[in-house]
$ cat model.csv   # CSV, N, CA and C atoms
chain,number,residue,atom,x,y,z
I,1,SER,N,94.3,16.6,12.2
I,1,SER,CA,93.2,17.6,12.3
I,1,SER,C,92.0,17.3,11.4
I,2,ALA,N,92.3,16.5,10.3
I,2,ALA,CA,91.2,16.1,9.4
I,2,ALA,C,90.9,14.7,9.7
I,3,GLU,N,90.5,14.4,10.9
I,3,GLU,CA,90.1,13.0,11.2
I,3,GLU,C,88.7,12.8,10.9
I,4,SER,N,88.3,11.6,10.5
I,4,SER,CA,86.9,11.2,10.2
I,4,SER,C,86.4,10.3,11.2
I,5,PHE,N,85.2,10.4,11.6
I,5,PHE,CA,84.6,9.6,12.6
I,5,PHE,C,83.4,8.9,12.0
I,6,THR,N,83.1,7.8,12.5
I,6,THR,CA,81.9,7.0,12.0
I,6,THR,C,81.0,6.7,13.2
I,7,LEU,N,79.7,6.9,13.0
I,7,LEU,CA,78.8,6.6,14.1
I,7,LEU,C,77.9,5.5,13.7
I,8,SER,N,77.8,4.5,14.4
I,8,SER,CA,76.9,3.3,14.1
I,8,SER,C,75.8,3.3,15.2
I,9,VAL,N,74.6,3.2,14.7
I,9,VAL,CA,73.5,3.1,15.6
I,9,VAL,C,72.7,1.9,15.3
I,10,ASN,N,72.5,1.0,16.2
I,10,ASN,CA,71.7,-0.2,16.1
I,10,ASN,C,70.4,0.0,16.8
I,11,ALA,N,69.3,0.0,16.1
I,11,ALA,CA,68.0,0.2,16.7
I,11,ALA,C,67.0,-0.9,16.2
I,12,PRO,N,66.3,-1.4,17.0
I,12,PRO,CA,65.3,-2.4,16.5
I,12,PRO,C,64.2,-1.8,15.8
I,13,LEU,N,63.6,-2.4,14.8
I,13,LEU,CA,62.5,-1.8,14.0
I,13,LEU,C,61.2,-2.2,14.5
I,14,GLN,N,61.1,-2.8,15.6
I,14,GLN,CA,59.8,-3.2,16.2
I,14,GLN,C,59.0,-2.0,16.6
I,15,PRO,N,59.4,-0.9,17.2
I,15,PRO,CA,58.6,0.2,17.5
I,15,PRO,C,58.0,0.9,16.2
I,16,ILE,N,58.8,0.9,15.1
I,16,ILE,CA,58.2,1.4,13.9
I,16,ILE,C,57.1,0.6,13.3
I,17,ASP,N,57.3,-0.7,13.4
I,17,ASP,CA,56.3,-1.7,12.9
I,17,ASP,C,55.0,-1.5,13.8
I,18,GLU,N,55.2,-1.4,15.1
I,18,GLU,CA,54.0,-1.2,16.0
I,18,GLU,C,53.3,0.1,15.7
I,19,ALA,N,54.0,1.2,15.4
I,19,ALA,CA,53.5,2.5,15.1
I,19,ALA,C,52.7,2.4,13.8
I,20,SER,N,53.2,1.8,12.8
I,20,SER,CA,52.5,1.7,11.5
I,20,SER,C,51.3,0.9,11.6
I,21,GLU,N,51.3,-0.2,12.5
I,21,GLU,CA,50.1,-1.0,12.7
I,21,GLU,C,49.0,-0.1,13.4
I,22,VAL,N,49.4,0.7,14.3
I,22,VAL,CA,48.4,1.5,15.0
I,22,VAL,C,47.8,2.6,14.1
I,23,ILE,N,48.7,3.1,13.2
I,23,ILE,CA,48.2,4.1,12.2
I,23,ILE,C,47.3,3.5,11.3
I,24,LEU,N,47.6,2.3,10.8
I,24,LEU,CA,46.7,1.6,9.9
I,24,LEU,C,45.4,1.2,10.5
I,25,ARG,N,45.4,0.9,11.8
I,25,ARG,CA,44.1,0.6,12.5
I,25,ARG,C,43.3,1.8,12.7
I,26,PHE,N,43.9,3.0,12.9
I,26,PHE,CA,43.1,4.2,13.1
I,26,PHE,C,42.8,5.0,11.8
I,27,LEU,N,43.4,4.5,10.7
I,27,LEU,CA,43.2,5.2,9.5
I,27,LEU,C,41.8,5.4,9.0
I,28,PRO,N,40.9,4.4,9.1
I,28,PRO,CA,39.5,4.6,8.8
I,28,PRO,C,38.8,5.7,9.6
I,29,TYR,N,39.1,5.6,10.9
I,29,TYR,CA,38.5,6.6,11.9
I,29,TYR,C,39.0,8.0,11.5
I,30,MET,N,40.3,8.1,11.2
I,30,MET,CA,40.9,9.4,10.9
I,30,MET,C,40.3,9.9,9.6
I,31,LEU,N,40.1,9.0,8.6
I,31,LEU,CA,39.5,9.4,7.3
I,31,LEU,C,38.0,9.9,7.5
I,32,ILE,N,37.3,9.2,8.4
I,32,ILE,CA,35.9,9.7,8.7
I,32,ILE,C,35.9,11.0,9.4
I,33,ALA,N,36.8,11.2,10.3
I,33,ALA,CA,36.9,12.5,11.0
I,33,ALA,C,37.3,13.6,10.0
I,34,ILE,N,38.3,13.4,9.1
I,34,ILE,CA,38.7,14.3,8.1
I,34,ILE,C,37.5,14.7,7.2
I,35,LEU,N,36.8,13.6,6.8
I,35,LEU,CA,35.7,13.8,5.9
I,35,LEU,C,34.6,14.7,6.6
I,36,LEU,N,34.3,14.4,7.8
I,36,LEU,CA,33.3,15.2,8.6
I,36,LEU,C,33.7,16.6,8.7
I,37,ILE,N,34.9,16.8,9.0
I,37,ILE,CA,35.4,18.2,9.1
I,37,ILE,C,35.4,18.9,7.8
I,38,ALA,N,35.7,18.2,6.7
I,38,ALA,CA,35.7,18.8,5.4
I,38,ALA,C,34.2,19.2,5.0
I,39,VAL,N,33.3,18.3,5.2
I,39,VAL,CA,31.9,18.5,4.9
I,39,VAL,C,31.3,19.6,5.7
I,40,GLY,N,31.6,19.6,7.0
I,40,GLY,CA,31.2,20.7,7.9
I,40,GLY,C,31.7,22.1,7.5
I,41,GLY,N,33.0,22.1,7.2
I,41,GLY,CA,33.6,23.4,6.7
I,41,GLY,C,33.0,23.8,5.4
I,42,ALA,N,32.8,22.9,4.5
I,42,ALA,CA,32.2,23.3,3.2
I,42,ALA,C,30.8,23.8,3.4
I,43,ALA,N,30.0,23.2,4.3
I,43,ALA,CA,28.7,23.6,4.5
I,43,ALA,C,28.7,25.0,5.1
I,44,LEU,N,29.5,25.2,6.1
I,44,LEU,CA,29.6,26.5,6.8
I,44,LEU,C,30.1,27.6,5.8
I,45,TYR,N,31.1,27.3,5.0
I,45,TYR,CA,31.6,28.3,4.0
I,45,TYR,C,30.5,28.6,3.0
I,46,SER,N,29.8,27.6,2.5
I,46,SER,CA,28.8,27.8,1.5
I,46,SER,C,27.6,28.6,2.0
I,47,ARG,N,27.3,28.4,3.3
I,47,ARG,CA,26.2,29.3,4.0
I,47,ARG,C,26.7,30.7,4.0
I,48,LEU,N,28.0,30.9,4.4
I,48,LEU,CA,28.5,32.3,4.5
I,48,LEU,C,28.4,33.0,3.1
I,49,ILE,N,28.6,32.3,2.1
I,49,ILE,CA,28.6,32.9,0.7
I,49,ILE,C,27.2,32.9,0.2
I,50,ALA,N,26.4,31.9,0.5
I,50,ALA,CA,25.1,31.8,-0.1
I,50,ALA,C,24.1,32.7,0.5
I,51,ARG,N,24.2,33.0,1.8
I,51,ARG,CA,23.2,33.9,2.5
I,51,ARG,C,23.2,35.3,1.9
I,52,PRO,N,24.3,36.0,1.6
I,52,PRO,CA,24.2,37.3,1.0
I,52,PRO,C,23.6,37.2,-0.4
I,53,LEU,N,24.0,36.1,-1.1
I,53,LEU,CA,23.5,36.0,-2.5
I,53,LEU,C,21.9,35.7,-2.5
I,54,LEU,N,21.5,34.9,-1.5
I,54,LEU,CA,20.0,34.7,-1.4
I,54,LEU,C,19.3,36.0,-1.1
I,55,GLY,N,19.9,36.8,-0.2
I,55,GLY,CA,19.4,38.1,0.2
I,55,GLY,C,19.3,39.0,-1.0
I,56,LEU,N,20.4,39.1,-1.9
I,56,LEU,CA,20.3,39.9,-3.1
I,56,LEU,C,19.3,39.4,-4.1
I,57,ASN,N,19.1,38.1,-4.2
I,57,ASN,CA,18.1,37.5,-5.0
I,57,ASN,C,16.7,38.0,-4.6
I,58,ASN,N,16.5,38.0,-3.3
I,58,ASN,CA,15.2,38.4,-2.7
I,58,ASN,C,15.0,39.9,-3.0
I,59,VAL,N,16.0,40.7,-2.9
I,59,VAL,CA,15.9,42.1,-3.2
I,59,VAL,C,15.6,42.3,-4.7
I,60,ALA,N,16.3,41.6,-5.5
I,60,ALA,CA,16.0,41.7,-7.0
I,60,ALA,C,14.6,41.3,-7.3
I,61,ARG,N,14.1,40.3,-6.7
I,61,ARG,CA,12.7,39.9,-6.9
I,61,ARG,C,11.7,41.0,-6.5
I,62,ARG,N,12.0,41.5,-5.3
I,62,ARG,CA,11.1,42.6,-4.9
I,62,ARG,C,11.2,43.8,-5.8
I,63,LEU,N,12.4,44.1,-6.3
I,63,LEU,CA,12.5,45.2,-7.2
I,63,LEU,C,11.7,45.0,-8.5
I,64,ALA,N,11.7,43.7,-8.9
I,64,ALA,CA,11.0,43.4,-10.1
I,64,ALA,C,9.5,43.6,-9.9
I,65,LYS,N,9.0,43.5,-8.7
I,65,LYS,CA,7.6,43.7,-8.4
I,65,LYS,C,7.4,45.2,-8.0
I,66,LEU,N,8.4,46.0,-8.2
I,66,LEU,CA,8.3,47.5,-8.0
I,66,LEU,C,8.2,47.8,-6.5
I,67,ASP,N,8.8,46.9,-5.7
I,67,ASP,CA,8.8,47.2,-4.2
I,67,ASP,C,10.2,47.7,-3.9
I,68,PHE,N,10.4,49.0,-3.8
I,68,PHE,CA,11.7,49.6,-3.7
I,68,PHE,C,12.2,49.7,-2.3
I,69,SER,N,11.4,49.3,-1.3
I,69,SER,CA,11.8,49.4,0.1
I,69,SER,C,12.8,48.3,0.5
I,70,ALA,N,12.9,47.3,-0.4
I,70,ALA,CA,13.7,46.1,-0.1
I,70,ALA,C,15.2,46.5,-0.1
I,71,ALA,N,15.6,47.4,-1.0
I,71,ALA,CA,17.0,47.7,-1.2
I,71,ALA,C,17.4,48.9,-0.3
I,72,ALA,N,16.7,49.3,0.7
I,72,ALA,CA,17.0,50.4,1.5
I,72,ALA,C,18.3,50.2,2.3
I,73,ASN,N,18.6,49.0,2.7
I,73,ASN,CA,19.7,48.6,3.6
I,73,ASN,C,20.7,47.7,2.8
I,74,PRO,N,21.6,48.3,2.0
I,74,PRO,CA,22.5,47.4,1.3
I,74,PRO,C,23.6,46.8,2.2
I,75,LEU,N,24.2,45.7,1.7
I,75,LEU,CA,25.3,45.1,2.5
I,75,LEU,C,26.5,46.0,2.6
I,76,LYS,N,27.2,46.0,3.7
I,76,LYS,CA,28.3,46.9,3.9
I,76,LYS,C,29.7,46.2,3.6
I,77,SER,N,29.7,45.0,3.0
I,77,SER,CA,30.9,44.4,2.8
I,77,SER,C,31.7,45.0,1.6
I,78,GLY,N,33.0,44.9,1.6
I,78,GLY,CA,33.8,45.5,0.5
I,78,GLY,C,34.1,44.6,-0.7
I,79,ASP,N,33.4,43.5,-0.7
I,79,ASP,CA,33.7,42.6,-1.9
I,79,ASP,C,32.7,42.8,-3.0
I,80,GLU,N,32.7,41.9,-4.0
I,80,GLU,CA,31.8,42.1,-5.1
I,80,GLU,C,30.3,42.0,-4.8
I,81,ILE,N,30.0,41.2,-3.8
I,81,ILE,CA,28.6,41.1,-3.3
I,81,ILE,C,28.2,42.4,-2.7
I,82,GLY,N,29.0,43.0,-1.9
I,82,GLY,CA,28.7,44.3,-1.4
I,82,GLY,C,28.5,45.4,-2.4
I,83,GLU,N,29.4,45.4,-3.5
I,83,GLU,CA,29.2,46.3,-4.6
I,83,GLU,C,27.9,46.1,-5.3
I,84,LEU,N,27.6,44.8,-5.5
I,84,LEU,CA,26.3,44.5,-6.2
I,84,LEU,C,25.1,45.0,-5.4
I,85,SER,N,25.2,44.8,-4.1
I,85,SER,CA,24.2,45.3,-3.2
I,85,SER,C,24.1,46.8,-3.2
I,86,GLN,N,25.2,47.5,-3.3
I,86,GLN,CA,25.2,49.0,-3.4
I,86,GLN,C,24.5,49.4,-4.7
I,87,SER,N,24.9,48.7,-5.8
I,87,SER,CA,24.3,49.0,-7.1
I,87,SER,C,22.8,48.8,-7.1
I,88,LEU,N,22.4,47.7,-6.5
I,88,LEU,CA,20.9,47.4,-6.4
I,88,LEU,C,20.2,48.5,-5.6
I,89,SER,N,20.9,49.0,-4.6
I,89,SER,CA,20.3,50.1,-3.8
I,89,SER,C,20.2,51.4,-4.6
I,90,LYS,N,21.2,51.7,-5.3
I,90,LYS,CA,21.2,52.9,-6.2
I,90,LYS,C,20.1,52.7,-7.3
I,91,LEU,N,20.0,51.5,-7.9
I,91,LEU,CA,19.0,51.2,-8.9
I,91,LEU,C,17.6,51.4,-8.3
I,92,ALA,N,17.4,50.9,-7.1
I,92,ALA,CA,16.1,51.1,-6.4
I,92,ALA,C,15.8,52.6,-6.2
I,93,SER,N,16.8,53.3,-5.8
I,93,SER,CA,16.6,54.8,-5.5
I,93,SER,C,16.2,55.5,-6.8
I,94,ASN,N,17.0,55.2,-7.9
I,94,ASN,CA,16.7,55.8,-9.2
I,94,ASN,C,15.3,55.4,-9.7
I,95,LEU,N,15.0,54.1,-9.6
I,95,LEU,CA,13.7,53.7,-10.1
I,95,LEU,C,12.6,54.3,-9.3
I,96,ARG,N,12.8,54.5,-8.0
I,96,ARG,CA,11.7,55.1,-7.1
I,96,ARG,C,11.5,56.5,-7.6
I,97,SER,N,12.6,57.3,-7.8
I,97,SER,CA,12.4,58.7,-8.2
I,97,SER,C,11.8,58.8,-9.6
I,98,THR,N,12.2,57.9,-10.5
I,98,THR,CA,11.7,57.9,-11.9
I,98,THR,C,10.2,57.5,-11.8
I,99,MET,N,9.8,56.5,-11.0
I,99,MET,CA,8.4,56.1,-10.9
I,99,MET,C,7.6,57.3,-10.4
I,100,ALA,N,8.1,58.0,-9.4
I,100,ALA,CA,7.4,59.2,-8.9
I,100,ALA,C,7.2,60.2,-9.9
I,101,GLU,N,8.2,60.5,-10.7
I,101,GLU,CA,8.1,61.5,-11.8
I,101,GLU,C,7.1,61.0,-12.9
I,102,LEU,N,7.1,59.7,-13.2
I,102,LEU,CA,6.2,59.2,-14.2
I,102,LEU,C,4.7,59.2,-13.6
I,103,GLN,N,4.5,59.0,-12.3
I,103,GLN,CA,3.2,59.1,-11.8
I,103,GLN,C,2.7,60.5,-11.8
I,104,GLU,N,3.6,61.5,-11.5
I,104,GLU,CA,3.2,62.9,-11.6
I,104,GLU,C,2.8,63.2,-13.1
I,105,ALA,N,3.7,62.8,-14.0
I,105,ALA,CA,3.4,63.1,-15.4
I,105,ALA,C,2.1,62.4,-15.9
I,106,ASN,N,1.8,61.2,-15.4
I,106,ASN,CA,0.6,60.5,-15.7
I,106,ASN,C,-0.6,61.2,-15.2
I,107,ALA,N,-0.5,61.7,-13.9
I,107,ALA,CA,-1.6,62.5,-13.3
I,107,ALA,C,-1.9,63.8,-14.1
I,108,GLN,N,-0.8,64.4,-14.5
I,108,GLN,CA,-0.9,65.7,-15.3
I,108,GLN,C,-1.5,65.4,-16.6
I,109,LEU,N,-1.1,64.3,-17.2
I,109,LEU,CA,-1.7,63.9,-18.5
I,109,LEU,C,-3.2,63.6,-18.4
I,110,LYS,N,-3.5,62.9,-17.3
I,110,LYS,CA,-5.0,62.6,-17.1
I,110,LYS,C,-5.8,63.9,-17.0
I,111,ASP,N,-5.2,64.8,-16.2
I,111,ASP,CA,-5.9,66.1,-16.0
I,111,ASP,C,-6.0,66.8,-17.4
I,112,ASP,N,-4.9,66.8,-18.2
I,112,ASP,CA,-5.0,67.5,-19.5
I,112,ASP,C,-6.0,66.8,-20.4
I,113,ILE,N,-6.1,65.5,-20.4
I,113,ILE,CA,-7.1,64.7,-21.2
I,113,ILE,C,-8.5,65.1,-20.7
I,114,GLU,N,-8.7,65.2,-19.4
I,114,GLU,CA,-10.0,65.5,-18.9
I,114,GLU,C,-10.4,66.9,-19.3
I,115,GLN,N,-9.5,67.9,-19.2
I,115,GLN,CA,-9.7,69.2,-19.7
I,115,GLN,C,-10.0,69.3,-21.2
I,116,GLU,N,-9.3,68.5,-21.9
I,116,GLU,CA,-9.6,68.4,-23.4
I,116,GLU,C,-10.9,67.9,-23.7
I,117,ARG,N,-11.4,66.9,-22.9
I,117,ARG,CA,-12.7,66.3,-23.1
I,117,ARG,C,-13.8,67.3,-22.8
I,118,GLU,N,-13.6,68.0,-21.7
I,118,GLU,CA,-14.6,69.0,-21.3
I,118,GLU,C,-14.6,70.1,-22.4
I,119,GLN,N,-13.5,70.6,-22.9
I,119,GLN,CA,-13.5,71.6,-23.9
I,119,GLN,C,-14.2,71.1,-25.2
I,120,GLU,N,-13.9,69.8,-25.5
I,120,GLU,CA,-14.6,69.2,-26.7
I,120,GLU,C,-16.1,69.2,-26.5
I,121,LYS,N,-16.5,68.8,-25.3
I,121,LYS,CA,-17.9,68.7,-24.9
I,121,LYS,C,-18.6,70.1,-25.0
I,122,LYS,N,-17.9,71.1,-24.5
I,122,LYS,CA,-18.4,72.5,-24.6
I,122,LYS,C,-18.5,73.0,-26.0
I,123,ARG,N,-17.5,72.6,-26.8
I,123,ARG,CA,-17.5,73.0,-28.2
I,123,ARG,C,-18.7,72.4,-29.0
I,124,ARG,N,-18.9,71.1,-28.7
I,124,ARG,CA,-20.1,70.4,-29.3
I,124,ARG,C,-21.4,71.1,-28.9
I,125,GLU,N,-21.5,71.4,-27.6
I,125,GLU,CA,-22.7,72.0,-27.1
I,125,GLU,C,-22.9,73.4,-27.8
I,126,PHE,N,-21.8,74.1,-27.9
I,126,PHE,CA,-21.8,75.4,-28.5
I,126,PHE,C,-22.3,75.3,-30.0
I,127,VAL,N,-21.7,74.4,-30.7
I,127,VAL,CA,-22.0,74.2,-32.1
I,127,VAL,C,-23.5,73.7,-32.2
I,128,ALA,N,-23.9,72.9,-31.3
I,128,ALA,CA,-25.3,72.4,-31.3
I,128,ALA,C,-26.3,73.6,-31.0
I,129,THR,N,-25.9,74.4,-30.1
I,129,THR,CA,-26.7,75.6,-29.7
I,129,THR,C,-26.8,76.6,-30.9
I,130,ILE,N,-25.7,76.8,-31.5
I,130,ILE,CA,-25.7,77.8,-32.7
I,130,ILE,C,-26.4,77.2,-33.8
I,131,SER,N,-26.3,75.9,-34.1
I,131,SER,CA,-27.0,75.2,-35.1
I,131,SER,C,-28.5,75.3,-34.9
I,132,HIS,N,-28.9,75.1,-33.6
I,132,HIS,CA,-30.3,75.2,-33.2
I,132,HIS,C,-30.8,76.6,-33.4
I,133,GLU,N,-30.0,77.6,-33.0
I,133,GLU,CA,-30.5,79.0,-33.2
I,133,GLU,C,-30.6,79.4,-34.6
I,134,LEU,N,-29.7,78.9,-35.5
I,134,LEU,CA,-29.7,79.2,-36.9
I,134,LEU,C,-30.9,78.6,-37.6
I,135,LYS,N,-31.4,77.5,-37.1
I,135,LYS,CA,-32.6,76.8,-37.7
I,135,LYS,C,-33.8,77.6,-37.4
$ encode --input "model.csv" --output "structure tokens"
Amino acid sequence: SAESFTLSVNAPLQPIDEASEVILRFLPYMLIAILLIAVGGAALYSRLIARPLLGLNNVARRLAKLDFSAAANPLKSGDEIGELSQSLSKLASNLRSTMAELQEANAQLKDDIEQEREQEKKRREFVATISHELK
């Protein structure tokens, strides 16, 4: 019941030699194909990553020029680029409201300065008139 068997297989090595020759002949073509696929994939992947970053850069430049309309439509992705886009959108909104408040305060300040000038002018005229009457 514990018999051992031996299997002998005799096969010529010629098909293996032929296959290795074919592989070596096609190796430069395969390397070129692999290189083209790798370069194409890298270019496509870099475009997918670079396009949102270039868009965010454009939005940041427009925000630096106080153009807050650029960040009205943030990216909807859930990654870090999407979070950065949401943050830029919030920043634009906050800056827009703060600029509006500052413009209102500036207009009020200009009105106050104008009223102060008119009061100063009236005071000078009054003093000049009293001075003239006293002479």
$ closest_residue --input "model.csv" --among "I:Phe68, I:Glu125, I:Arg47, I:Pro28" --to "Ser93 of chain I" --atoms "only N, CA and C atoms"
I:Phe68
$ closest_atom_pairs --input "model.csv" --of "segment 82-119 of chain I" --to "segment 53-61 of chain I" --cutoff "8 Å" --atoms "all atoms listed in the file" --output "tab-separated table"
residue	atom	partner	partner_atom	distance
I:Leu84	C	I:Leu56	CA	7.4
I:Ser85	CA	I:Leu56	CA	6.7
I:Leu88	CA	I:Ala60	N	7.5
$ atom_distance --input "model.csv" --atom1 "atom CA of Gln86 of chain I" --atom2 "atom N of Ala71 of chain I"
10.0 Å
$ select_by_dssp --input "model.csv" --residues "chain I" --states "alpha helix (DSSP H)" --output "number ranges by chain"
I: 14-64, 80-134
$ closest_residue --input "model.csv" --among "I:Leu102, I:Lys122, I:Pro74, I:Ser131" --to "Lys90 of chain I" --atoms "all atoms listed in the file"
I:Pro74
$ atom_distance --input "model.csv" --atom1 "atom N of Leu36 of chain I" --atom2 "atom CA of Pro52 of chain I"
25.9 Å
